[in-house]
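S.K.: One file: upload.pdb (PDB, N, CA and C atoms, pLDDT in the B column).
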```
ATOM      1  N   MET B   1       4.674 -18.505  22.465  1.00 52.00           N
ATOM      2  CA  MET B   1       5.027 -18.483  21.054  1.00 52.00           C
ATOM      3  C   MET B   1       5.968 -17.318  20.790  1.00 52.00           C
ATOM      4  N   ASP B   2       6.971 -17.576  19.991  1.00 70.00           N
ATOM      5  CA  ASP B   2       7.902 -16.517  19.616  1.00 70.00           C
ATOM      6  C   ASP B   2       7.221 -15.556  18.667  1.00 70.00           C
ATOM      7  N   SER B   3       7.713 -14.331  18.645  1.00 76.00           N
ATOM      8  CA  SER B   3       7.146 -13.350  17.724  1.00 76.00           C
ATOM      9  C   SER B   3       8.113 -13.133  16.569  1.00 76.00           C
ATOM     10  N   VAL B   4       7.547 -12.947  15.401  1.00 78.00           N
ATOM     11  CA  VAL B   4       8.329 -12.723  14.187  1.00 78.00           C
ATOM     12  C   VAL B   4       7.789 -11.469  13.531  1.00 78.00           C
ATOM     13  N   LYS B   5       8.678 -10.585  13.124  1.00 85.00           N
ATOM     14  CA  LYS B   5       8.247  -9.356  12.457  1.00 85.00           C
ATOM     15  C   LYS B   5       8.814  -9.330  11.049  1.00 85.00           C
ATOM     16  N   ASP B   6       7.932  -9.249  10.067  1.00 90.00           N
ATOM     17  CA  ASP B   6       8.329  -9.110   8.668  1.00 90.00           C
ATOM     18  C   ASP B   6       7.986  -7.702   8.215  1.00 90.00           C
ATOM     19  N   TYR B   7       8.852  -7.109   7.444  1.00 94.00           N
ATOM     20  CA  TYR B   7       8.623  -5.760   6.944  1.00 94.00           C
ATOM     21  C   TYR B   7       8.303  -5.785   5.453  1.00 94.00           C
ATOM     22  N   PHE B   8       7.458  -4.866   5.030  1.00 96.00           N
ATOM     23  CA  PHE B   8       7.267  -4.603   3.610  1.00 96.00           C
ATOM     24  C   PHE B   8       8.542  -3.919   3.140  1.00 96.00           C
ATOM     25  N   LEU B   9       9.162  -4.458   2.100  1.00 97.00           N
ATOM     26  CA  LEU B   9      10.411  -3.898   1.584  1.00 97.00           C
ATOM     27  C   LEU B   9      10.220  -3.397   0.162  1.00 97.00           C
ATOM     28  N   CYS B  10      10.921  -2.345  -0.160  1.00 98.00           N
ATOM     29  CA  CYS B  10      10.915  -1.803  -1.518  1.00 98.00           C
ATOM     30  C   CYS B  10      11.474  -2.851  -2.481  1.00 98.00           C
ATOM     31  N   ASP B  11      10.823  -3.043  -3.634  1.00 95.00           N
ATOM     32  CA  ASP B  11      11.298  -4.016  -4.634  1.00 95.00           C
ATOM     33  C   ASP B  11      12.681  -3.645  -5.176  1.00 95.00           C
ATOM     34  N   GLU B  12      12.927  -2.350  -5.287  1.00 97.00           N
ATOM     35  CA  GLU B  12      14.163  -1.876  -5.929  1.00 97.00           C
ATOM     36  C   GLU B  12      15.376  -1.957  -5.009  1.00 97.00           C
ATOM     37  N   CYS B  13      15.250  -1.422  -3.789  1.00 98.00           N
ATOM     38  CA  CYS B  13      16.443  -1.260  -2.946  1.00 98.00           C
ATOM     39  C   CYS B  13      16.353  -1.979  -1.598  1.00 98.00           C
ATOM     40  N   LYS B  14      15.244  -2.654  -1.329  1.00 97.00           N
ATOM     41  CA  LYS B  14      15.031  -3.419  -0.090  1.00 97.00           C
ATOM     42  C   LYS B  14      14.964  -2.537   1.159  1.00 97.00           C
ATOM     43  N   ASN B  15      14.705  -1.261   0.975  1.00 98.00           N
ATOM     44  CA  ASN B  15      14.519  -0.336   2.096  1.00 98.00           C
ATOM     45  C   ASN B  15      13.161  -0.599   2.741  1.00 98.00           C
ATOM     46  N   ARG B  16      13.021  -0.331   4.031  1.00 97.00           N
ATOM     47  CA  ARG B  16      11.739  -0.548   4.693  1.00 97.00           C
ATOM     48  C   ARG B  16      11.087   0.758   5.164  1.00 97.00           C
ATOM     49  N   ASP B  17      11.691   1.887   4.871  1.00 98.00           N
ATOM     50  CA  ASP B  17      11.170   3.183   5.306  1.00 98.00           C
ATOM     51  C   ASP B  17      10.492   3.906   4.146  1.00 98.00           C
ATOM     52  N   PHE B  18       9.285   4.420   4.415  1.00 98.00           N
ATOM     53  CA  PHE B  18       8.477   5.078   3.398  1.00 98.00           C
ATOM     54  C   PHE B  18       7.861   6.340   3.971  1.00 98.00           C
ATOM     55  N   VAL B  19       7.567   7.282   3.091  1.00 98.00           N
ATOM     56  CA  VAL B  19       6.819   8.478   3.477  1.00 98.00           C
ATOM     57  C   VAL B  19       5.495   8.472   2.723  1.00 98.00           C
ATOM     58  N   ARG B  20       4.477   9.017   3.350  1.00 97.00           N
ATOM     59  CA  ARG B  20       3.145   9.053   2.744  1.00 97.00           C
ATOM     60  C   ARG B  20       3.016  10.297   1.872  1.00 97.00           C
ATOM     61  N   ILE B  21       2.463  10.107   0.689  1.00 97.00           N
ATOM     62  CA  ILE B  21       2.232  11.207  -0.249  1.00 97.00           C
ATOM     63  C   ILE B  21       0.740  11.261  -0.534  1.00 97.00           C
ATOM     64  N   TYR B  22       0.175  12.441  -0.442  1.00 95.00           N
ATOM     65  CA  TYR B  22      -1.243  12.617  -0.736  1.00 95.00           C
ATOM     66  C   TYR B  22      -1.407  13.436  -2.004  1.00 95.00           C
ATOM     67  N   ASN B  23      -2.390  13.079  -2.812  1.00 93.00           N
ATOM     68  CA  ASN B  23      -2.825  13.882  -3.956  1.00 93.00           C
ATOM     69  C   ASN B  23      -4.278  14.242  -3.701  1.00 93.00           C
ATOM     70  N   PHE B  24      -4.603  15.501  -3.882  1.00 94.00           N
ATOM     71  CA  PHE B  24      -5.967  15.962  -3.684  1.00 94.00           C
ATOM     72  C   PHE B  24      -6.522  16.443  -5.017  1.00 94.00           C
ATOM     73  N   SER B  25      -7.717  15.998  -5.336  1.00 95.00           N
ATOM     74  CA  SER B  25      -8.317  16.393  -6.606  1.00 95.00           C
ATOM     75  C   SER B  25      -9.828  16.460  -6.468  1.00 95.00           C
ATOM     76  N   VAL B  26     -10.439  16.997  -7.506  1.00 94.00           N
ATOM     77  CA  VAL B  26     -11.893  17.060  -7.592  1.00 94.00           C
ATOM     78  C   VAL B  26     -12.288  16.411  -8.909  1.00 94.00           C
ATOM     79  N   ARG B  27     -13.219  15.468  -8.836  1.00 92.00           N
ATOM     80  CA  ARG B  27     -13.688  14.764 -10.033  1.00 92.00           C
ATOM     81  C   ARG B  27     -15.084  15.293 -10.360  1.00 92.00           C
ATOM     82  N   PHE B  28     -15.247  15.816 -11.570  1.00 91.00           N
ATOM     83  CA  PHE B  28     -16.527  16.362 -12.007  1.00 91.00           C
ATOM     84  C   PHE B  28     -17.259  15.371 -12.901  1.00 91.00           C
ATOM     85  N   ARG B  29     -18.573  15.371 -12.797  1.00 87.00           N
ATOM     86  CA  ARG B  29     -19.383  14.522 -13.675  1.00 87.00           C
ATOM     87  C   ARG B  29     -20.730  15.189 -13.893  1.00 87.00           C
ATOM     88  N   SER B  30     -21.307  14.917 -15.032  1.00 85.00           N
ATOM     89  CA  SER B  30     -22.623  15.471 -15.334  1.00 85.00           C
ATOM     90  C   SER B  30     -23.686  14.465 -14.917  1.00 85.00           C
ATOM     91  N   VAL B  31     -24.870  14.982 -14.693  1.00 82.00           N
ATOM     92  CA  VAL B  31     -26.004  14.115 -14.349  1.00 82.00           C
ATOM     93  C   VAL B  31     -27.160  14.435 -15.281  1.00 82.00           C
ATOM     94  N   ASN B  32     -28.028  13.491 -15.520  1.00 79.00           N
ATOM     95  CA  ASN B  32     -29.127  13.646 -16.484  1.00 79.00           C
ATOM     96  C   ASN B  32     -30.177  14.662 -16.062  1.00 79.00           C
ATOM     97  N   PHE B  33     -30.413  14.800 -14.788  1.00 78.00           N
ATOM     98  CA  PHE B  33     -31.537  15.618 -14.327  1.00 78.00           C
ATOM     99  C   PHE B  33     -31.169  17.073 -14.038  1.00 78.00           C
ATOM    100  N   SER B  34     -29.927  17.488 -14.310  1.00 76.00           N
ATOM    101  CA  SER B  34     -29.533  18.850 -13.995  1.00 76.00           C
ATOM    102  C   SER B  34     -28.466  19.335 -14.976  1.00 76.00           C
ATOM    103  N   ASP B  35     -28.420  20.655 -15.138  1.00 78.00           N
ATOM    104  CA  ASP B  35     -27.367  21.234 -15.964  1.00 78.00           C
ATOM    105  C   ASP B  35     -26.087  21.453 -15.158  1.00 78.00           C
ATOM    106  N   ASP B  36     -26.203  21.330 -13.846  1.00 82.00           N
ATOM    107  CA  ASP B  36     -25.037  21.535 -12.978  1.00 82.00           C
ATOM    108  C   ASP B  36     -24.144  20.294 -12.983  1.00 82.00           C
ATOM    109  N   LEU B  37     -22.892  20.544 -12.725  1.00 86.00           N
ATOM    110  CA  LEU B  37     -21.949  19.435 -12.592  1.00 86.00           C
ATOM    111  C   LEU B  37     -21.929  18.956 -11.146  1.00 86.00           C
ATOM    112  N   MET B  38     -21.839  17.668 -10.987  1.00 88.00           N
ATOM    113  CA  MET B  38     -21.653  17.091  -9.661  1.00 88.00           C
ATOM    114  C   MET B  38     -20.152  16.890  -9.492  1.00 88.00           C
ATOM    115  N   TYR B  39     -19.700  16.881  -8.252  1.00 89.00           N
ATOM    116  CA  TYR B  39     -18.273  16.648  -8.042  1.00 89.00           C
ATOM    117  C   TYR B  39     -18.029  15.828  -6.789  1.00 89.00           C
ATOM    118  N   ASP B  40     -16.915  15.149  -6.788  1.00 93.00           N
ATOM    119  CA  ASP B  40     -16.441  14.377  -5.649  1.00 93.00           C
ATOM    120  C   ASP B  40     -15.029  14.835  -5.345  1.00 93.00           C
ATOM    121  N   GLU B  41     -14.742  15.008  -4.081  1.00 92.00           N
ATOM    122  CA  GLU B  41     -13.372  15.278  -3.675  1.00 92.00           C
ATOM    123  C   GLU B  41     -12.666  13.934  -3.537  1.00 92.00           C
ATOM    124  N   VAL B  42     -11.470  13.849  -4.096  1.00 92.00           N
ATOM    125  CA  VAL B  42     -10.740  12.587  -4.108  1.00 92.00           C
ATOM    126  C   VAL B  42      -9.370  12.796  -3.458  1.00 92.00           C
ATOM    127  N   VAL B  43      -9.045  11.919  -2.532  1.00 92.00           N
ATOM    128  CA  VAL B  43      -7.726  11.942  -1.913  1.00 92.00           C
ATOM    129  C   VAL B  43      -7.055  10.616  -2.246  1.00 92.00           C
ATOM    130  N   GLU B  44      -5.930  10.693  -2.918  1.00 92.00           N
ATOM    131  CA  GLU B  44      -5.171   9.500  -3.267  1.00 92.00           C
ATOM    132  C   GLU B  44      -3.963   9.415  -2.344  1.00 92.00           C
ATOM    133  N   GLU B  45      -3.769   8.251  -1.792  1.00 95.00           N
ATOM    134  CA  GLU B  45      -2.679   8.033  -0.846  1.00 95.00           C
ATOM    135  C   GLU B  45      -1.671   7.085  -1.477  1.00 95.00           C
ATOM    136  N   ARG B  46      -0.419   7.503  -1.496  1.00 97.00           N
ATOM    137  CA  ARG B  46       0.656   6.675  -2.026  1.00 97.00           C
ATOM    138  C   ARG B  46       1.818   6.732  -1.051  1.00 97.00           C
ATOM    139  N   TYR B  47       2.747   5.805  -1.215  1.00 98.00           N
ATOM    140  CA  TYR B  47       3.899   5.736  -0.316  1.00 98.00           C
ATOM    141  C   TYR B  47       5.173   5.701  -1.138  1.00 98.00           C
ATOM    142  N   GLN B  48       6.158   6.514  -0.716  1.00 98.00           N
ATOM    143  CA  GLN B  48       7.409   6.630  -1.465  1.00 98.00           C
ATOM    144  C   GLN B  48       8.567   6.125  -0.610  1.00 98.00           C
ATOM    145  N   CYS B  49       9.389   5.287  -1.212  1.00 98.00           N
ATOM    146  CA  CYS B  49      10.582   4.774  -0.547  1.00 98.00           C
ATOM    147  C   CYS B  49      11.512   5.950  -0.245  1.00 98.00           C
ATOM    148  N   THR B  50      12.048   5.989   0.958  1.00 98.00           N
ATOM    149  CA  THR B  50      12.914   7.106   1.342  1.00 98.00           C
ATOM    150  C   THR B  50      14.310   6.995   0.735  1.00 98.00           C
ATOM    151  N   ARG B  51      14.670   5.819   0.230  1.00 98.00           N
ATOM    152  CA  ARG B  51      16.006   5.645  -0.360  1.00 98.00           C
ATOM    153  C   ARG B  51      15.989   5.863  -1.868  1.00 98.00           C
ATOM    154  N   CYS B  52      15.160   5.124  -2.600  1.00 98.00           N
ATOM    155  CA  CYS B  52      15.212   5.195  -4.072  1.00 98.00           C
ATOM    156  C   CYS B  52      14.040   5.983  -4.679  1.00 98.00           C
ATOM    157  N   GLN B  53      13.092   6.423  -3.861  1.00 98.00           N
ATOM    158  CA  GLN B  53      11.935   7.215  -4.270  1.00 98.00           C
ATOM    159  C   GLN B  53      10.912   6.467  -5.116  1.00 98.00           C
ATOM    160  N   LYS B  54      10.962   5.150  -5.154  1.00 98.00           N
ATOM    161  CA  LYS B  54       9.931   4.394  -5.863  1.00 98.00           C
ATOM    162  C   LYS B  54       8.608   4.572  -5.116  1.00 98.00           C
ATOM    163  N   ILE B  55       7.519   4.688  -5.878  1.00 97.00           N
ATOM    164  CA  ILE B  55       6.209   4.952  -5.285  1.00 97.00           C
ATOM    165  C   ILE B  55       5.341   3.698  -5.355  1.00 97.00           C
ATOM    166  N   PHE B  56       4.653   3.420  -4.250  1.00 97.00           N
ATOM    167  CA  PHE B  56       3.769   2.265  -4.141  1.00 97.00           C
ATOM    168  C   PHE B  56       2.362   2.733  -3.801  1.00 97.00           C
ATOM    169  N   SER B  57       1.382   2.083  -4.409  1.00 96.00           N
ATOM    170  CA  SER B  57      -0.013   2.368  -4.074  1.00 96.00           C
ATOM    171  C   SER B  57      -0.406   1.541  -2.854  1.00 96.00           C
ATOM    172  N   LYS B  58      -1.424   1.975  -2.156  1.00 94.00           N
ATOM    173  CA  LYS B  58      -1.921   1.238  -0.993  1.00 94.00           C
ATOM    174  C   LYS B  58      -2.399  -0.163  -1.379  1.00 94.00           C
ATOM    175  N   PRO B  59      -3.136  -0.342  -2.497  1.00 95.00           N
ATOM    176  CA  PRO B  59      -3.536  -1.705  -2.883  1.00 95.00           C
ATOM    177  C   PRO B  59      -2.347  -2.629  -3.146  1.00 95.00           C
ATOM    178  N   LYS B  60      -1.267  -2.109  -3.739  1.00 96.00           N
ATOM    179  CA  LYS B  60      -0.093  -2.942  -3.991  1.00 96.00           C
ATOM    180  C   LYS B  60       0.551  -3.361  -2.673  1.00 96.00           C
ATOM    181  N   ILE B  61       0.627  -2.454  -1.727  1.00 97.00           N
ATOM    182  CA  ILE B  61       1.191  -2.776  -0.411  1.00 97.00           C
ATOM    183  C   ILE B  61       0.317  -3.818   0.280  1.00 97.00           C
ATOM    184  N   ASP B  62      -0.996  -3.625   0.237  1.00 96.00           N
ATOM    185  CA  ASP B  62      -1.921  -4.576   0.875  1.00 96.00           C
ATOM    186  C   ASP B  62      -1.782  -5.972   0.276  1.00 96.00           C
ATOM    187  N   THR B  63      -1.635  -6.053  -1.041  1.00 96.00           N
ATOM    188  CA  THR B  63      -1.478  -7.343  -1.712  1.00 96.00           C
ATOM    189  C   THR B  63      -0.202  -8.042  -1.247  1.00 96.00           C
ATOM    190  N   ARG B  64       0.881  -7.300  -1.200  1.00 95.00           N
ATOM    191  CA  ARG B  64       2.155  -7.897  -0.761  1.00 95.00           C
ATOM    192  C   ARG B  64       2.102  -8.310   0.700  1.00 95.00           C
ATOM    193  N   LEU B  65       1.435  -7.529   1.550  1.00 95.00           N
ATOM    194  CA  LEU B  65       1.314  -7.900   2.960  1.00 95.00           C
ATOM    195  C   LEU B  65       0.495  -9.180   3.118  1.00 95.00           C
ATOM    196  N   ARG B  66      -0.578  -9.320   2.330  1.00 94.00           N
ATOM    197  CA  ARG B  66      -1.374 -10.560   2.376  1.00 94.00           C
ATOM    198  C   ARG B  66      -0.535 -11.769   1.976  1.00 94.00           C
ATOM    199  N   LYS B  67       0.329 -11.600   0.960  1.00 93.00           N
ATOM    200  CA  LYS B  67       1.213 -12.692   0.552  1.00 93.00           C
ATOM    201  C   LYS B  67       2.176 -13.059   1.681  1.00 93.00           C
ATOM    202  N   MET B  68       2.678 -12.045   2.392  1.00 91.00           N
ATOM    203  CA  MET B  68       3.577 -12.300   3.514  1.00 91.00           C
ATOM    204  C   MET B  68       2.843 -13.058   4.625  1.00 91.00           C
ATOM    205  N   ILE B  69       1.599 -12.678   4.880  1.00 90.00           N
ATOM    206  CA  ILE B  69       0.795 -13.337   5.917  1.00 90.00           C
ATOM    207  C   ILE B  69       0.546 -14.791   5.538  1.00 90.00           C
ATOM    208  N   ASN B  70       0.198 -15.041   4.282  1.00 89.00           N
ATOM    209  CA  ASN B  70      -0.076 -16.407   3.833  1.00 89.00           C
ATOM    210  C   ASN B  70       1.180 -17.278   3.833  1.00 89.00           C
ATOM    211  N   LYS B  71       2.329 -16.694   3.586  1.00 85.00           N
ATOM    212  CA  LYS B  71       3.576 -17.439   3.515  1.00 85.00           C
ATOM    213  C   LYS B  71       4.122 -17.769   4.905  1.00 85.00           C
ATOM    214  N   ARG B  72       3.951 -16.893   5.870  1.00 78.00           N
ATOM    215  CA  ARG B  72       4.576 -17.038   7.181  1.00 78.00           C
ATOM    216  C   ARG B  72       4.192 -18.316   7.928  1.00 78.00           C
ATOM    217  N   PRO B  73       2.931 -18.684   8.055  1.00 71.00           N
ATOM    218  CA  PRO B  73       2.622 -19.891   8.834  1.00 71.00           C
ATOM    219  C   PRO B  73       3.317 -21.135   8.287  1.00 71.00           C
ATOM    220  N   LYS B  74       3.453 -21.239   6.977  1.00 66.00           N
ATOM    221  CA  LYS B  74       4.113 -22.391   6.375  1.00 66.00           C
ATOM    222  C   LYS B  74       5.584 -22.438   6.763  1.00 66.00           C
ATOM    223  N   SER B  75       6.256 -21.300   6.779  1.00 60.00           N
ATOM    224  CA  SER B  75       7.674 -21.293   7.110  1.00 60.00           C
ATOM    225  C   SER B  75       7.886 -21.533   8.606  1.00 60.00           C
ATOM    226  N   VAL B  76       6.998 -21.081   9.460  1.00 59.00           N
ATOM    227  CA  VAL B  76       7.124 -21.301  10.911  1.00 59.00           C
ATOM    228  C   VAL B  76       6.929 -22.779  11.210  1.00 59.00           C
ATOM    229  N   VAL B  77       5.931 -23.410  10.588  1.00 54.00           N
ATOM    230  CA  VAL B  77       5.674 -24.835  10.792  1.00 54.00           C
ATOM    231  C   VAL B  77       6.853 -25.651  10.306  1.00 54.00           C
ATOM    232  N   ALA B  78       7.402 -25.322   9.137  1.00 56.00           N
ATOM    233  CA  ALA B  78       8.543 -26.059   8.582  1.00 56.00           C
ATOM    234  C   ALA B  78       9.759 -25.944   9.500  1.00 56.00           C
ATOM    235  N   THR B  79       9.975 -24.791  10.113  1.00 56.00           N
ATOM    236  CA  THR B  79      11.113 -24.589  11.017  1.00 56.00           C
ATOM    237  C   THR B  79      10.953 -25.436  12.266  1.00 56.00           C
ATOM    238  N   LYS B  80       9.731 -25.498  12.831  1.00 54.00           N
ATOM    239  CA  LYS B  80       9.489 -26.281  14.040  1.00 54.00           C
ATOM    240  C   LYS B  80       9.654 -27.776  13.780  1.00 54.00           C
ATOM    241  N   GLU B  81       9.266 -28.240  12.592  1.00 54.00           N
ATOM    242  CA  GLU B  81       9.401 -29.653  12.251  1.00 54.00           C
ATOM    243  C   GLU B  81      10.851 -30.056  12.133  1.00 54.00           C
ATOM    244  N   ARG B  82      11.702 -29.145  11.632  1.00 54.00           N
ATOM    245  CA  ARG B  82      13.124 -29.442  11.483  1.00 54.00           C
ATOM    246  C   ARG B  82      13.854 -29.384  12.812  1.00 54.00           C
ATOM    247  N   GLY B  83      13.402 -28.496  13.686  1.00 52.00           N
ATOM    248  CA  GLY B  83      14.133 -28.175  14.898  1.00 52.00           C
ATOM    249  C   GLY B  83      13.961 -29.114  15.991  1.00 52.00           C
TER     250      GLY B  83
END
```
Using structure tokens, write down the structure that the file contains.

M.R.:
Amino acid sequence: MDSVKDYFLCDECKNRDFVRIYNFSVRFRSVNFSDDLMYDEVVEERYQCTRCQKIFSKPKIDTRLRKMINKRPKSVVATKERG
């Protein structure tokens, strides 16, 4: 079977190169049984296009990749039927 490689492309400029951006934060919350605050450390991961600087979240990238996966078998089958 032949191999086909599809890339996630930026919506704005069609670039395929991205850099990872991390945000680090602490989320505080109160609890009923204590006067102390509870906290969670949060790391947010985003990706920025190296050409136009548009930022994408990981869930948005995952959604688009799933669409690419679902679309590919149909186009491969259609090509083989024509060929």

S.K.: Mind telling me what the PyMOL selection byres (((chain B and resi 10-12 and name CA) around 10) and name CA) catches here, as a list in words?

M.R.: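 Selection result, ordered by chain and number: Tyr7, Phe8, Leu9, Cys13, Lys14, Asn15, Arg16, Asp17, Phe18, Gln48, Cys49, Thr50, Arg51, Cys52, Gln53, Lys54, Ile55, Phe56 and Ile61 of chain B.
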
S.K.: Please report the interatomic distance between atom C of Arg27 of chain B and atom N of Asp62 of chain B in Å with one decimal.

M.R.: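 A separation of 25.9 Å between them.
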
S.K.: Check chain B with DSSP on the backbone and list each residue it calls strand (DSSP E), as an MDAnalysis selection string.

M.R.: chainID B and resid 18:30 37:49 55:57

S.K.: Atom CA of Glu45 of chain B and atom N of Ile21 of chain B, how far apart in Å?

M.R.: 5.8 Å

S.K.: Return as number ranges by chain the full set of residues in chain B whose backbone-based DSSP assignment is alpha helix (DSSP H).

M.R.: B: 58-82

S.K.: What does the distance between atom CA of Tyr47 of chain B and atom CA of Val4 of chain B come to in Å, to one decimal place?

M.R.: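 For atom CA of Tyr47 of chain B relative to atom CA of Val4 of chain B, the distance reads 23.9 Å.
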
S.K.: For Lys58 of chain B, which residue out of B:Lys71, B:Ser3, B:Arg20, B:Ser25 is the nearest one, using only C-alpha atoms?

M.R.: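 So, comparing all the options, the nearest one is B:Arg20.
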
S.K.: Rank nothing, just name the residue among B:Thr63, B:Ser57, B:Arg72, B:Val26 nearest to Met38 of chain B, using only C-alpha atoms.

M.R.: B:Val26

S.K.: Return segment 16-27 of chain B, completed with N, CA, C and O atoms, as a PDB file, keeping the file's coordinate frame.

M.R.:
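To be explicit, this is the file written out as selection08.pdb:
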```
ATOM      1  N   ARG B  16      13.021  -0.331   4.031  1.00 97.00           N
ATOM      2  CA  ARG B  16      11.739  -0.548   4.693  1.00 97.00           C
ATOM      3  C   ARG B  16      11.087   0.758   5.164  1.00 97.00           C
ATOM      4  O   ARG B  16      10.041   0.726   5.800  1.00 97.00           O
ATOM      5  N   ASP B  17      11.691   1.887   4.871  1.00 98.00           N
ATOM      6  CA  ASP B  17      11.170   3.183   5.306  1.00 98.00           C
ATOM      7  C   ASP B  17      10.492   3.906   4.146  1.00 98.00           C
ATOM      8  O   ASP B  17      11.051   4.012   3.052  1.00 98.00           O
ATOM      9  N   PHE B  18       9.285   4.420   4.415  1.00 98.00           N
ATOM     10  CA  PHE B  18       8.477   5.078   3.398  1.00 98.00           C
ATOM     11  C   PHE B  18       7.861   6.340   3.971  1.00 98.00           C
ATOM     12  O   PHE B  18       7.659   6.445   5.179  1.00 98.00           O
ATOM     13  N   VAL B  19       7.567   7.282   3.091  1.00 98.00           N
ATOM     14  CA  VAL B  19       6.819   8.478   3.477  1.00 98.00           C
ATOM     15  C   VAL B  19       5.495   8.472   2.723  1.00 98.00           C
ATOM     16  O   VAL B  19       5.410   7.975   1.590  1.00 98.00           O
ATOM     17  N   ARG B  20       4.477   9.017   3.350  1.00 97.00           N
ATOM     18  CA  ARG B  20       3.145   9.053   2.744  1.00 97.00           C
ATOM     19  C   ARG B  20       3.016  10.297   1.872  1.00 97.00           C
ATOM     20  O   ARG B  20       3.424  11.385   2.262  1.00 97.00           O
ATOM     21  N   ILE B  21       2.463  10.107   0.689  1.00 97.00           N
ATOM     22  CA  ILE B  21       2.232  11.207  -0.249  1.00 97.00           C
ATOM     23  C   ILE B  21       0.740  11.261  -0.534  1.00 97.00           C
ATOM     24  O   ILE B  21       0.125  10.246  -0.846  1.00 97.00           O
ATOM     25  N   TYR B  22       0.175  12.441  -0.442  1.00 95.00           N
ATOM     26  CA  TYR B  22      -1.243  12.617  -0.736  1.00 95.00           C
ATOM     27  C   TYR B  22      -1.407  13.436  -2.004  1.00 95.00           C
ATOM     28  O   TYR B  22      -0.671  14.395  -2.230  1.00 95.00           O
ATOM     29  N   ASN B  23      -2.390  13.079  -2.812  1.00 93.00           N
ATOM     30  CA  ASN B  23      -2.825  13.882  -3.956  1.00 93.00           C
ATOM     31  C   ASN B  23      -4.278  14.242  -3.701  1.00 93.00           C
ATOM     32  O   ASN B  23      -5.082  13.367  -3.363  1.00 93.00           O
ATOM     33  N   PHE B  24      -4.603  15.501  -3.882  1.00 94.00           N
ATOM     34  CA  PHE B  24      -5.967  15.962  -3.684  1.00 94.00           C
ATOM     35  C   PHE B  24      -6.522  16.443  -5.017  1.00 94.00           C
ATOM     36  O   PHE B  24      -5.860  17.175  -5.740  1.00 94.00           O
ATOM     37  N   SER B  25      -7.717  15.998  -5.336  1.00 95.00           N
ATOM     38  CA  SER B  25      -8.317  16.393  -6.606  1.00 95.00           C
ATOM     39  C   SER B  25      -9.828  16.460  -6.468  1.00 95.00           C
ATOM     40  O   SER B  25     -10.401  16.048  -5.459  1.00 95.00           O
ATOM     41  N   VAL B  26     -10.439  16.997  -7.506  1.00 94.00           N
ATOM     42  CA  VAL B  26     -11.893  17.060  -7.592  1.00 94.00           C
ATOM     43  C   VAL B  26     -12.288  16.411  -8.909  1.00 94.00           C
ATOM     44  O   VAL B  26     -11.744  16.727  -9.958  1.00 94.00           O
ATOM     45  N   ARG B  27     -13.219  15.468  -8.836  1.00 92.00           N
ATOM     46  CA  ARG B  27     -13.688  14.764 -10.033  1.00 92.00           C
ATOM     47  C   ARG B  27     -15.084  15.293 -10.360  1.00 92.00           C
ATOM     48  O   ARG B  27     -15.993  15.225  -9.535  1.00 92.00           O
TER      49      ARG B  27
END
```
